[in-house]
$ cat protein_15.txt   # compact mmCIF, C-alpha atoms
# COMPACT_ATOMS: atom_id res chain seq x y z
CA MET A 17 103.24 121.04 127.96
CA ASP A 18 103.21 118.80 131.08
CA THR A 19 101.01 115.74 131.61
CA GLY A 20 98.62 117.53 133.96
CA THR A 21 97.96 120.28 131.45
CA VAL A 22 97.40 117.77 128.64
CA SER A 23 94.99 115.71 130.74
CA SER A 24 92.94 118.72 131.75
CA ALA A 25 92.77 119.95 128.18
CA GLY A 26 91.36 116.61 127.03
CA LEU A 27 90.82 115.25 123.56
CA ILE A 28 88.65 118.19 122.52
CA GLN A 29 91.76 120.38 122.54
CA GLN A 30 93.65 118.00 120.24
CA ARG A 31 92.60 119.51 116.91
CA PRO A 32 94.34 116.92 114.67
CA PHE A 33 92.56 114.08 116.46
CA VAL A 34 89.19 115.88 116.45
CA LEU A 35 89.44 116.43 112.69
CA PHE A 36 90.41 112.82 112.15
CA TRP A 37 87.56 111.64 114.42
CA PHE A 38 85.04 113.51 112.26
CA ALA A 39 86.68 112.08 109.14
CA ARG A 40 86.29 108.59 110.54
CA LEU A 41 82.63 109.18 111.43
CA ALA A 42 81.77 110.64 108.02
CA SER A 43 83.69 108.06 106.03
CA THR A 44 82.24 105.07 107.88
CA MET A 45 78.70 106.42 107.62
CA GLY A 46 79.18 106.89 103.89
CA TYR A 47 80.55 103.36 103.58
CA GLN A 48 77.62 101.87 105.50
CA MET A 49 75.11 103.73 103.35
CA LEU A 50 76.82 102.60 100.15
CA ALA A 51 76.91 99.01 101.36
CA LEU A 52 73.19 99.09 102.11
CA THR A 53 72.37 100.57 98.70
CA ILE A 54 74.51 98.01 96.86
CA GLY A 55 72.91 95.15 98.78
CA TRP A 56 69.39 96.32 97.99
CA GLN A 57 70.20 96.88 94.33
CA ILE A 58 71.84 93.47 93.95
CA TYR A 59 68.79 91.75 95.41
CA GLU A 60 66.36 93.81 93.34
CA LEU A 61 68.25 93.04 90.12
CA THR A 62 68.92 89.33 90.68
CA ASN A 63 66.50 88.24 93.43
CA SER A 64 69.31 85.89 94.43
CA ALA A 65 70.48 85.29 98.00
CA PHE A 66 73.65 83.74 96.52
CA ASP A 67 74.55 86.98 94.74
CA LEU A 68 73.90 88.87 97.97
CA GLY A 69 76.34 86.54 99.71
CA LEU A 70 78.91 87.19 97.01
CA VAL A 71 78.88 90.86 98.00
CA GLY A 72 80.34 89.99 101.40
CA LEU A 73 82.87 87.60 99.88
CA ILE A 74 84.09 90.11 97.31
CA GLN A 75 84.53 92.73 100.05
CA PHE A 76 86.57 90.28 102.14
CA VAL A 77 88.97 89.04 99.43
CA PRO A 78 91.11 92.23 99.06
CA ALA A 79 91.87 92.34 102.79
CA VAL A 80 93.34 88.81 102.55
CA VAL A 81 95.14 89.13 99.23
CA LEU A 82 96.66 92.56 99.93
CA THR A 83 97.67 91.99 103.57
CA LEU A 84 101.44 92.29 103.09
CA LEU A 85 101.15 95.25 100.73
CA ILE A 86 98.83 97.09 103.13
CA GLY A 87 101.24 96.78 106.06
CA HIS A 88 104.16 97.90 103.92
CA ALA A 89 102.27 100.93 102.61
CA ALA A 90 101.08 102.00 106.07
CA ASP A 91 104.64 101.92 107.44
CA ARG A 92 106.41 103.46 104.45
CA TYR A 93 104.15 106.18 103.04
CA ASP A 94 102.25 109.20 104.36
CA ARG A 95 99.27 107.65 106.10
CA ARG A 96 97.10 110.70 105.49
CA LEU A 97 97.57 110.24 101.75
CA ILE A 98 96.60 106.56 101.93
CA VAL A 99 93.43 107.32 103.91
CA ARG A 100 92.57 110.19 101.59
CA ALA A 101 93.03 107.99 98.51
CA ALA A 102 90.77 105.31 100.02
CA GLN A 103 88.07 107.87 100.72
CA GLY A 104 88.44 109.12 97.17
CA VAL A 105 87.57 105.61 95.99
CA TYR A 106 84.39 105.70 98.09
CA ALA A 107 83.50 108.98 96.38
CA LEU A 108 84.15 107.49 92.93
CA VAL A 109 81.93 104.50 93.70
CA ALA A 110 79.15 106.82 94.93
CA VAL A 111 79.35 108.76 91.64
CA MET A 112 79.35 105.52 89.60
CA ILE A 113 76.26 104.15 91.32
CA ALA A 114 74.35 107.44 91.25
CA ALA A 115 75.13 107.93 87.55
CA ALA A 116 74.17 104.35 86.70
CA LEU A 117 70.86 104.72 88.56
CA LEU A 118 70.09 107.96 86.73
CA THR A 119 70.91 106.52 83.30
CA GLY A 120 69.39 103.10 83.88
CA GLY A 121 72.76 101.43 83.36
CA LEU A 122 73.05 99.75 86.75
CA GLY A 123 73.83 96.05 86.45
CA ARG A 124 75.07 93.10 88.47
CA ASN A 125 78.64 93.26 87.17
CA LEU A 126 78.91 97.00 87.82
CA LEU A 127 77.75 96.50 91.39
CA PHE A 128 80.24 93.69 91.95
CA ALA A 129 83.00 95.91 90.57
CA ALA A 130 81.91 98.66 92.95
CA VAL A 131 82.01 96.23 95.87
CA PHE A 132 85.54 95.14 94.95
CA MET A 133 86.69 98.76 94.74
CA ILE A 134 85.18 99.54 98.14
CA GLY A 135 86.68 96.39 99.66
CA SER A 136 90.14 97.24 98.32
CA ALA A 137 89.95 100.83 99.56
CA ARG A 138 88.70 99.76 102.97
CA ALA A 139 91.45 97.15 103.26
CA PHE A 140 93.99 99.99 103.04
CA GLU A 141 92.03 102.59 105.00
CA LEU A 142 91.24 100.71 108.21
CA PRO A 143 94.71 99.56 109.33
CA THR A 144 96.31 102.78 108.13
CA ALA A 145 93.83 104.96 110.02
CA HIS A 146 94.22 102.76 113.10
CA ALA A 147 97.97 103.28 112.97
CA LEU A 148 97.68 107.02 112.37
CA ALA A 149 95.21 107.88 115.14
CA PRO A 150 97.51 107.29 118.18
CA SER A 151 100.15 109.59 116.70
CA LEU A 152 97.73 112.54 116.85
CA VAL A 153 97.50 112.76 120.64
CA PRO A 154 100.00 112.92 123.53
CA ALA A 155 100.88 109.58 125.12
CA SER A 156 98.79 110.38 128.22
CA LEU A 157 95.63 110.60 126.09
CA ILE A 158 96.04 107.48 123.98
CA SER A 159 93.61 105.38 126.05
CA ARG A 160 90.95 108.09 125.80
CA ALA A 161 91.63 108.40 122.08
CA VAL A 162 91.05 104.65 121.67
CA ALA A 163 87.67 104.96 123.39
CA ALA A 164 86.67 107.99 121.28
CA TRP A 165 87.81 106.27 118.08
CA THR A 166 85.75 103.20 118.91
CA SER A 167 82.70 105.34 119.68
CA ALA A 168 82.96 107.05 116.28
CA ASN A 169 83.07 103.67 114.56
CA GLN A 170 80.13 102.24 116.51
CA THR A 171 78.04 105.38 116.02
CA ALA A 172 78.60 105.25 112.27
CA ILE A 173 77.81 101.52 112.10
CA ILE A 174 74.47 102.14 113.83
CA CYS A 175 73.48 105.44 112.23
CA GLY A 176 74.80 104.79 108.72
CA PRO A 177 72.44 101.95 107.75
CA ALA A 178 69.51 103.63 109.53
CA LEU A 179 70.01 106.89 107.66
CA GLY A 180 70.77 105.03 104.44
CA GLY A 181 67.53 103.04 104.71
CA LEU A 182 65.45 106.15 105.25
CA VAL A 183 67.04 107.97 102.33
CA TYR A 184 66.86 104.88 100.10
CA ALA A 185 63.11 104.77 100.65
CA LEU A 186 62.93 108.27 99.18
CA SER A 187 65.45 107.81 96.37
CA PRO A 188 68.42 105.44 95.82
CA VAL A 189 70.13 108.22 93.84
CA LEU A 190 69.93 110.50 96.85
CA VAL A 191 71.92 107.95 98.86
CA GLY A 192 74.76 108.26 96.35
CA VAL A 193 74.64 112.06 96.60
CA ILE A 194 74.78 111.99 100.39
CA CYS A 195 77.62 109.45 100.35
CA LEU A 196 79.49 111.73 97.98
CA PHE A 197 79.21 114.50 100.57
CA PHE A 198 80.14 112.29 103.52
CA SER A 199 83.12 110.57 101.92
CA PRO A 200 85.11 113.27 100.13
CA ALA A 201 83.67 116.61 101.13
CA ARG A 202 83.89 116.34 104.90
CA SER A 203 86.24 113.45 105.57
CA HIS A 204 88.61 114.28 102.69
CA TRP A 205 89.08 117.83 104.01
CA SER A 206 89.36 116.65 107.61
CA VAL A 207 92.08 114.11 106.85
CA TRP A 208 94.16 116.56 104.84
CA SER A 209 93.81 119.20 107.57
CA VAL A 210 95.52 116.83 110.00
CA ARG A 211 99.21 117.54 110.36
CA LYS A 212 101.57 114.64 109.91
CA GLY A 213 101.72 113.01 113.32
CA ARG A 214 104.61 111.50 115.18
CA ARG A 215 105.19 107.80 114.84
CA PRO A 216 104.04 106.04 118.00
CA PRO A 217 106.11 103.32 119.71
CA ALA A 218 105.94 99.95 117.98
CA ASN A 219 103.60 98.45 120.58
CA ARG A 220 101.14 101.29 120.06
CA ARG A 221 101.15 101.50 116.29
CA ARG A 222 97.98 99.52 115.82
CA LEU A 223 94.77 100.95 117.21
CA ARG A 224 92.12 98.27 117.31
CA ARG A 225 88.44 98.95 116.72

$ encode --input "protein_15.txt" --output "structure tokens"
Amino acid sequence: MDTGTVSSAGLIQQRPFVLFWFARLASTMGYQMLALTIGWQIYELTNSAFDLGLVGLIQFVPAVVLTLLIGHAADRYDRRLIVRAAQGVYALVAVMIAAALLTGGLGRNLLFAAVFMIGSARAFELPTAHALAPSLVPASLISRAVAAWTSANQTAIICGPALGGLVYALSPVLVGVICLFFSPARSHWSVWSVRKGRRPPANRRRLRR
């Protein structure tokens, strides 16, 4: 397929990238909704701004501690599997929180553990997904893929908390159920439906948000 044909077809014709774009949108929305729920629950349980600040710190620590391991894993192993495993962790956390809310067993330590799990999964998912995305489109469409990828992320960052807040007002448990759908059901399937892409040139391996 020549460059002219690829350009006219556009990103919408690149099925692997379209599937991965939807996976990114669903996963990030689920993450944002979970983060909002955890923050509200921490503050309701402890009424402590310090504990709320700890949520951000705990999320940040894995990305620093696991930096070398994350880069090694993204370059050595099937990136689809890494992203899928990370999204599986989001699903597990959603189940944990929903079950704890239903049984009345939700506590500060459980929420901090959930935050650490999410932070660890996200530390692997983001750089791996960024490296995988450019390999799903022809070279002539990489710049357009970057723009589309960024739009998916920004849309999820805006819509995720808004939707999460509305649903949380109805029922915190319902947030967990919706996150369970967003994280594994849609994004899990979408990621695994993506064929293993080519490895892009070294200077294009990292796709920034």

$ closest_residue --input "protein_15.txt" --among "A:Ser159, A:Leu142, A:Leu127, A:Gly87" --to "Ala114 in chain A" --atoms "all atoms listed in the file"
A:Leu127

$ closest_residue --input "protein_15.txt" --among "A:Tyr106, A:Tyr59, A:Phe197, A:Phe76" --to "Glu141 in chain A" --atoms "only C-alpha atoms"
A:Tyr106

$ atom_distance --input "protein_15.txt" --atom1 "CA of Gly120 in chain A" --atom2 "CA of Ile54 in chain A"
14.9 Å

$ closest_residue --input "protein_15.txt" --among "A:Ala147, A:Leu186, A:Ile58, A:Leu41" --to "Thr166 in chain A" --atoms "only C-alpha atoms"
A:Leu41

$ residues_around --input "protein_15.txt" --residues "Thr62 in chain A" --least-positions-apart "5" --cutoff "10 Å" --atoms "all atoms listed in the file" --output "VMD selection string"
chain A and resid 57 67 to 68 123 to 124

$ closest_residue --input "protein_15.txt" --among "A:Ser167, A:Ser151, A:Thr119, A:Thr83" --to "Arg96 in chain A" --atoms "only C-alpha atoms"
A:Ser151

$ axis_aligned_box --input "protein_15.txt" --around "range 145-148 of chain A" --padding-each-side "5 Å" --output "AutoDock Vina command-line options"
--center_x 95.9 --center_y 104.9 --center_z 111.6 --size_x 14.1 --size_y 14.3 --size_z 13.1

$ closest_residue --input "protein_15.txt" --among "A:Leu190, A:Leu182, A:Ile134, A:Ala168" --to "Ala42 in chain A" --atoms "only C-alpha atoms"
A:Ala168

$ atom_distance --input "protein_15.txt" --atom1 "CA of Val71 in chain A" --atom2 "CA of Gly55 in chain A"
7.4 Å

$ closest_residue --input "protein_15.txt" --among "A:Ala110, A:Thr144, A:Leu126, A:Ala149" --to "Leu61 in chain A" --atoms "only C-alpha atoms"
A:Leu126

$ residues_around --input "protein_15.txt" --residues "Leu108 in chain A" --least-positions-apart "5" --cutoff "12 Å" --atoms "all atoms listed in the file" --output "compact mmCIF listing (two decimals) with C-alpha atoms, keeping the file's coordinate frame"
# COMPACT_ATOMS: atom_id res chain seq x y z
CA TYR A 47 80.55 103.36 103.58
CA LEU A 50 76.82 102.60 100.15
CA ALA A 101 93.03 107.99 98.51
CA ALA A 102 90.77 105.31 100.02
CA GLN A 103 88.07 107.87 100.72
CA ILE A 113 76.26 104.15 91.32
CA ALA A 114 74.35 107.44 91.25
CA ALA A 115 75.13 107.93 87.55
CA ALA A 129 83.00 95.91 90.57
CA ALA A 130 81.91 98.66 92.95
CA VAL A 131 82.01 96.23 95.87
CA MET A 133 86.69 98.76 94.74
CA ILE A 134 85.18 99.54 98.14
CA ALA A 137 89.95 100.83 99.56
CA GLY A 192 74.76 108.26 96.35
CA VAL A 193 74.64 112.06 96.60
CA CYS A 195 77.62 109.45 100.35
CA LEU A 196 79.49 111.73 97.98
CA PHE A 197 79.21 114.50 100.57
CA SER A 199 83.12 110.57 101.92
CA PRO A 200 85.11 113.27 100.13

$ atom_distance --input "protein_15.txt" --atom1 "CA of Leu118 in chain A" --atom2 "CA of Ala39 in chain A"
28.2 Å

$ build_atoms --input "protein_15.txt" --residues "range 151-167 of chain A" --atoms "N, CA and C atoms" --output "mmCIF file, in the frame of the given file"
data_model
loop_
_atom_site.group_PDB
_atom_site.id
_atom_site.type_symbol
_atom_site.label_atom_id
_atom_site.label_comp_id
_atom_site.auth_asym_id
_atom_site.auth_seq_id
_atom_site.Cartn_x
_atom_site.Cartn_y
_atom_site.Cartn_z
ATOM 1 N N SER A 151 99.067 108.613 116.862
ATOM 2 C CA SER A 151 100.150 109.590 116.700
ATOM 3 C C SER A 151 99.640 111.026 116.760
ATOM 4 N N LEU A 152 98.321 111.202 116.862
ATOM 5 C CA LEU A 152 97.730 112.540 116.850
ATOM 6 C C LEU A 152 97.456 113.101 118.235
ATOM 7 N N VAL A 153 97.731 112.302 119.270
ATOM 8 C CA VAL A 153 97.500 112.760 120.640
ATOM 9 C C VAL A 153 98.736 112.491 121.487
ATOM 10 N N PRO A 154 98.897 113.223 122.601
ATOM 11 C CA PRO A 154 100.000 112.920 123.530
ATOM 12 C C PRO A 154 99.820 111.519 124.116
ATOM 13 N N ALA A 155 100.912 110.948 124.587
ATOM 14 C CA ALA A 155 100.880 109.580 125.120
ATOM 15 C C ALA A 155 99.875 109.425 126.253
ATOM 16 N N SER A 156 99.698 110.461 127.069
ATOM 17 C CA SER A 156 98.790 110.380 128.220
ATOM 18 C C SER A 156 97.323 110.295 127.807
ATOM 19 N N LEU A 157 97.026 110.608 126.546
ATOM 20 C CA LEU A 157 95.630 110.600 126.090
ATOM 21 C C LEU A 157 95.311 109.441 125.153
ATOM 22 N N ILE A 158 96.254 108.548 124.953
ATOM 23 C CA ILE A 158 96.040 107.480 123.980
ATOM 24 C C ILE A 158 94.850 106.597 124.366
ATOM 25 N N SER A 159 94.726 106.244 125.642
ATOM 26 C CA SER A 159 93.610 105.380 126.050
ATOM 27 C C SER A 159 92.258 106.055 125.802
ATOM 28 N N ARG A 160 92.194 107.360 126.054
ATOM 29 C CA ARG A 160 90.950 108.090 125.800
ATOM 30 C C ARG A 160 90.701 108.217 124.292
ATOM 31 N N ALA A 161 91.775 108.328 123.534
ATOM 32 C CA ALA A 161 91.630 108.400 122.080
ATOM 33 C C ALA A 161 91.096 107.088 121.528
ATOM 34 N N VAL A 162 91.553 105.959 122.087
ATOM 35 C CA VAL A 162 91.050 104.650 121.670
ATOM 36 C C VAL A 162 89.538 104.559 121.895
ATOM 37 N N ALA A 163 89.102 105.008 123.078
ATOM 38 C CA ALA A 163 87.670 104.960 123.390
ATOM 39 C C ALA A 163 86.860 105.859 122.448
ATOM 40 N N ALA A 164 87.375 107.059 122.178
ATOM 41 C CA ALA A 164 86.670 107.990 121.280
ATOM 42 C C ALA A 164 86.634 107.445 119.865
ATOM 43 N N TRP A 165 87.734 106.847 119.437
ATOM 44 C CA TRP A 165 87.810 106.270 118.080
ATOM 45 C C TRP A 165 86.802 105.149 117.922
ATOM 46 N N THR A 166 86.710 104.298 118.947
ATOM 47 C CA THR A 166 85.750 103.200 118.910
ATOM 48 C C THR A 166 84.321 103.715 118.888
ATOM 49 N N SER A 167 84.050 104.775 119.650
ATOM 50 C CA SER A 167 82.700 105.340 119.680
ATOM 51 C C SER A 167 82.301 105.907 118.326
#
